[in-house]
Amino acid sequence: MLYSETLKDPKVFSRIYRKGQRSGCACAAAYYQKNRSPYNRVGVTVPKKIGGAVERNRAKRIIRAAYRKNELLMPLGYDIVIVAGGKINGMKSTDLDILFRRLSKDMKKSENPVLRTD
RNA sequence: GCAGCCGGCUAUGCGGCAGCGGUCGGCGGGAAACCGCCGAAUGAGGAAAGUCCGAGCAUCACAGAGCAGGGUAGCUGCUAACGGCAGCCGAGGGCGACCUUAGGGAAAGUGCAACAGAAAAUUACCGCUUAAUUGCAAGGAUGAAAAGGCGAGGCAAGAGCUCACCGCUUGCCGGGAGACCGGCAUGGCGUGUAAACCCUACCCGAUGCAACACCGUUUGGUUCGGCGCGUCAAUGCUUGCUCGGCAGGCGCGCCGUUAUAGGUGGCUUGAGCCGUGUGGCGACAUACGGCGUAGAUAGAUUGCCGCACUCGACAAAACUCGGCUUAUCGGCCGACUGCCGUC
RNA sequence: GGCCCGUUGGUCAAGCGGCUAAGACACCGGCCUCUCACGCCGGUAACGCGAGUUCGAUUCUCGCACGGGUCA
């Protein structure tokens, strides 16, 4: 990935679930929070509800592929956690473009007031 | 042709562009670790699954002996090993091909057998019989199961009491590598349950790659060893217990050692796979030739198309193998059986 | 990835191989009360699935499914 690292620390995951902002659609939810660094950190989570190993791995692959494609849309300096939802089975990575377009829009919208207070 | 039965193989295929994982090669940067770019070949399964067995590998423990505990259960073989597989034997099922089978011991002992029934194991209620509560277990109802089965003789009435046939036990003889089979003899015949305790034979040290080895932070103080001080008086360690063996134990202080963040190795050439020949009924073994085929560490297969058809099931490696079990759309090949028809 | 447990009415739960499978809470009906609650009486409702052993399985054995714990 060009401008991003994978997010590994479980403490960061739980912090983002608790304090981060939320966006997404029926196929996946996204949590995000500023991380005060010049790059993004992205973590993907798939609950066991989705299915067996085949379905869970496919869900992760699709989300990663879609992120790689839409990476340039994203504003920099965020920790992002994407949680797969129940409707992801049978989808293609291109179907997730909507998710990332909406996510980037929400992120930029929430960025503006912060900039004004600075 | 229809119906069936057994075994094996396969697991959508081909192509283009971009992308992901490790490997190799080249170029550039750097003291090095490594980083960037380009290129090449390569990249999930028959069950990768469940974790039910067996091994390799690793660490710990172990003078030794016994007990306890766990497992297996027809025989012979195969195998590194197995609770697996092959062939065979016994029992059961099917017209048959063939299938199923935890299949040692109930006469070593203990226990259990509800309800019904006289009685559930050394039984006697009704009954039969007699001079006799003398003898008997044929007949009767119950039950999953009732004292070897069935028929005849016999008798006061009866009973393996006797006899024929059959089942089992024991002994002998013959065959077989053995399970076992065949024959003869023998009154020797008290049910079922051991997936109840148990007995017999054989096997098993424990823990698991989050094992373990090395590098290495943090100095809070876990393990072990040594020294000093205090206290207690028989315990502690030695796989769960006993014998046996070894040692005083506990607390505090000091010194050494070690564990804990993270990283590297372990990590893929292995009881390997394919082909042909040979031996064997077979599991399998062996000789020769060929092949090099994932090794991630939040964990690699995606996106956009084109073509073909039968329109694609179950499902993703995590130390590695050998099995078992379970899930699964279909397709192909071979051996065999029964019935019907035709020549 | 390894190891270890459990599954019984709607919920929490007892249960030597033989019962009509206890109890408690909840639910339903009735009594009590002016009414509700409390109390009393009665009722509905369960052995996770599939095989096997046994005369007989909730219980014993095997295989699945699901749920949970643990490897500071």
# chains A, B, ... in the order shown; residues from 1 in each chain; ligands from 1
>>> residues_around(residues="U7 (chain C)", least_positions_apart="4", cutoff="9 Å", atoms="only C-alpha atoms (C1' of nucleotides)", output="list in words")
G48, C66 and G67 of chain C
>>> write_last_selection(atoms="N, CA and C atoms (P, O5', C5', C4', C3', O3' and C1' of nucleotides)", output="PDB file, in the first residue's frame")
ATOM      1  P     G C  48     -30.096 -33.391  25.887  1.00  0.00           P
ATOM      2  O5'   G C  48     -30.255 -32.813  24.429  1.00  0.00           O
ATOM      3  C5'   G C  48     -30.887 -31.545  24.215  1.00  0.00           C
ATOM      4  C4'   G C  48     -30.755 -31.186  22.771  1.00  0.00           C
ATOM      5  C3'   G C  48     -30.755 -32.384  21.825  1.00  0.00           C
ATOM      6  O3'   G C  48     -32.089 -32.743  21.472  1.00  0.00           O
ATOM      7  C1'   G C  48     -28.888 -31.006  21.368  1.00  0.00           C
ATOM      8  P     C C  66     -21.297 -26.014  14.443  1.00  0.00           P
ATOM      9  O5'   C C  66     -21.839 -25.425  15.822  1.00  0.00           O
ATOM     10  C5'   C C  66     -23.130 -24.817  15.887  1.00  0.00           C
ATOM     11  C4'   C C  66     -23.630 -24.754  17.316  1.00  0.00           C
ATOM     12  C3'   C C  66     -22.771 -23.967  18.297  1.00  0.00           C
ATOM     13  O3'   C C  66     -22.934 -22.573  18.172  1.00  0.00           O
ATOM     14  C1'   C C  66     -23.444 -25.992  19.296  1.00  0.00           C
ATOM     15  P     G C  67     -21.715 -21.590  18.531  1.00  0.00           P
ATOM     16  O5'   G C  67     -21.656 -21.675  20.126  1.00  0.00           O
ATOM     17  C5'   G C  67     -22.714 -21.138  20.908  1.00  0.00           C
ATOM     18  C4'   G C  67     -22.543 -21.479  22.369  1.00  0.00           C
ATOM     19  C3'   G C  67     -21.250 -21.009  23.012  1.00  0.00           C
ATOM     20  O3'   G C  67     -21.276 -19.633  23.334  1.00  0.00           O
ATOM     21  C1'   G C  67     -21.680 -23.236  23.660  1.00  0.00           C
TER      22        G C  67
END
>>> residues_around(residues="region 95-108 of chain A", least_positions_apart="2", cutoff="10 Å", atoms="only C-alpha atoms (C1' of nucleotides)", output="number ranges by chain")
A: 21-34, 62-63, 65-67, 69-75, 78, 88, 91-93, 110-113
>>> residues_around(residues="C5 (chain C)", least_positions_apart="4", cutoff="12 Å", atoms="only C-alpha atoms (C1' of nucleotides)", output="mmCIF file with N, CA and C atoms (P, O5', C5', C4', C3', O3' and C1' of nucleotides), in the first residue's frame")
data_model
loop_
_atom_site.group_PDB
_atom_site.id
_atom_site.type_symbol
_atom_site.label_atom_id
_atom_site.label_comp_id
_atom_site.auth_asym_id
_atom_site.auth_seq_id
_atom_site.Cartn_x
_atom_site.Cartn_y
_atom_site.Cartn_z
ATOM 1 P P G C 67 -21.715 -21.590 18.531
ATOM 2 O "O5'" G C 67 -21.656 -21.675 20.126
ATOM 3 C "C5'" G C 67 -22.714 -21.138 20.908
ATOM 4 C "C4'" G C 67 -22.543 -21.479 22.369
ATOM 5 C "C3'" G C 67 -21.250 -21.009 23.012
ATOM 6 O "O3'" G C 67 -21.276 -19.633 23.334
ATOM 7 C "C1'" G C 67 -21.680 -23.236 23.660
ATOM 8 P P G C 68 -19.884 -18.795 23.310
ATOM 9 O "O5'" G C 68 -19.043 -19.413 24.515
ATOM 10 C "C5'" G C 68 -19.305 -18.992 25.842
ATOM 11 C "C4'" G C 68 -18.672 -19.913 26.861
ATOM 12 C "C3'" G C 68 -17.187 -19.751 27.095
ATOM 13 O "O3'" G C 68 -16.874 -18.589 27.841
ATOM 14 C "C1'" G C 68 -17.733 -22.047 27.075
ATOM 15 P P G C 69 -15.432 -17.869 27.630
ATOM 16 O "O5'" G C 69 -14.438 -18.815 28.439
ATOM 17 C "C5'" G C 69 -14.575 -18.951 29.850
ATOM 18 C "C4'" G C 69 -13.706 -20.076 30.364
ATOM 19 C "C3'" G C 69 -12.208 -19.884 30.176
ATOM 20 O "O3'" G C 69 -11.649 -19.053 31.176
ATOM 21 C "C1'" G C 69 -12.809 -22.078 29.536
ATOM 22 P P U C 70 -10.482 -18.011 30.820
ATOM 23 O "O5'" U C 70 -9.240 -18.970 30.578
ATOM 24 C "C5'" U C 70 -8.707 -19.748 31.643
ATOM 25 C "C4'" U C 70 -7.724 -20.765 31.126
ATOM 26 C "C3'" U C 70 -6.548 -20.200 30.344
ATOM 27 O "O3'" U C 70 -5.534 -19.712 31.203
ATOM 28 C "C1'" U C 70 -7.441 -22.056 29.187
#
>>> atom_distance(atom1="C1' of C60 (chain B)", atom2="C1' of U222 (chain B)")
18.2 Å
>>> select_by_dssp(residues="region 5-104 of chain A", states="strand (DSSP E or B)", output="ChimeraX atom specification")
/A:5-6,21-24,28-34,40-45,78-84
>>> write_last_selection(atoms="C-alpha atoms", output="PDB file, in the first residue's frame")
ATOM      1  CA  GLU A   5       0.594   0.721   7.236  1.00  0.00           C
ATOM      2  CA  THR A   6      -1.309  -2.197   8.720  1.00  0.00           C
ATOM      3  CA  GLN A  21     -16.185   8.176  14.445  1.00  0.00           C
ATOM      4  CA  ARG A  22     -18.308   5.831  12.447  1.00  0.00           C
ATOM      5  CA  SER A  23     -19.327   5.444   8.822  1.00  0.00           C
ATOM      6  CA  GLY A  24     -20.159   2.642   6.406  1.00  0.00           C
ATOM      7  CA  ALA A  28     -19.039  -3.163   6.230  1.00  0.00           C
ATOM      8  CA  ALA A  29     -18.613  -0.557   8.954  1.00  0.00           C
ATOM      9  CA  ALA A  30     -15.629   1.780   9.288  1.00  0.00           C
ATOM     10  CA  TYR A  31     -14.270   3.501  12.402  1.00  0.00           C
ATOM     11  CA  TYR A  32     -11.646   6.243  12.127  1.00  0.00           C
ATOM     12  CA  GLN A  33      -9.621   8.597  14.303  1.00  0.00           C
ATOM     13  CA  LYS A  34      -6.730  11.020  13.788  1.00  0.00           C
ATOM     14  CA  ASN A  40      -2.664   6.143   7.551  1.00  0.00           C
ATOM     15  CA  ARG A  41      -2.911   2.937   9.537  1.00  0.00           C
ATOM     16  CA  VAL A  42      -5.566   0.452   8.434  1.00  0.00           C
ATOM     17  CA  GLY A  43      -6.885  -2.623  10.230  1.00  0.00           C
ATOM     18  CA  VAL A  44      -9.427  -5.118   8.939  1.00  0.00           C
ATOM     19  CA  THR A  45     -11.666  -7.159  11.242  1.00  0.00           C
ATOM     20  CA  TYR A  78      -5.885   8.591  10.242  1.00  0.00           C
ATOM     21  CA  ASP A  79      -6.241   5.232  11.946  1.00  0.00           C
ATOM     22  CA  ILE A  80      -9.006   3.312  10.195  1.00  0.00           C
ATOM     23  CA  VAL A  81     -10.652   0.043  11.255  1.00  0.00           C
ATOM     24  CA  ILE A  82     -12.962  -1.692   8.828  1.00  0.00           C
ATOM     25  CA  VAL A  83     -15.354  -4.322  10.190  1.00  0.00           C
ATOM     26  CA  ALA A  84     -16.955  -6.695   7.729  1.00  0.00           C
TER      27      ALA A  84
END
>>> atom_distance(atom1="C1' of C273 (chain B)", atom2="C1' of C321 (chain B)")
13.7 Å
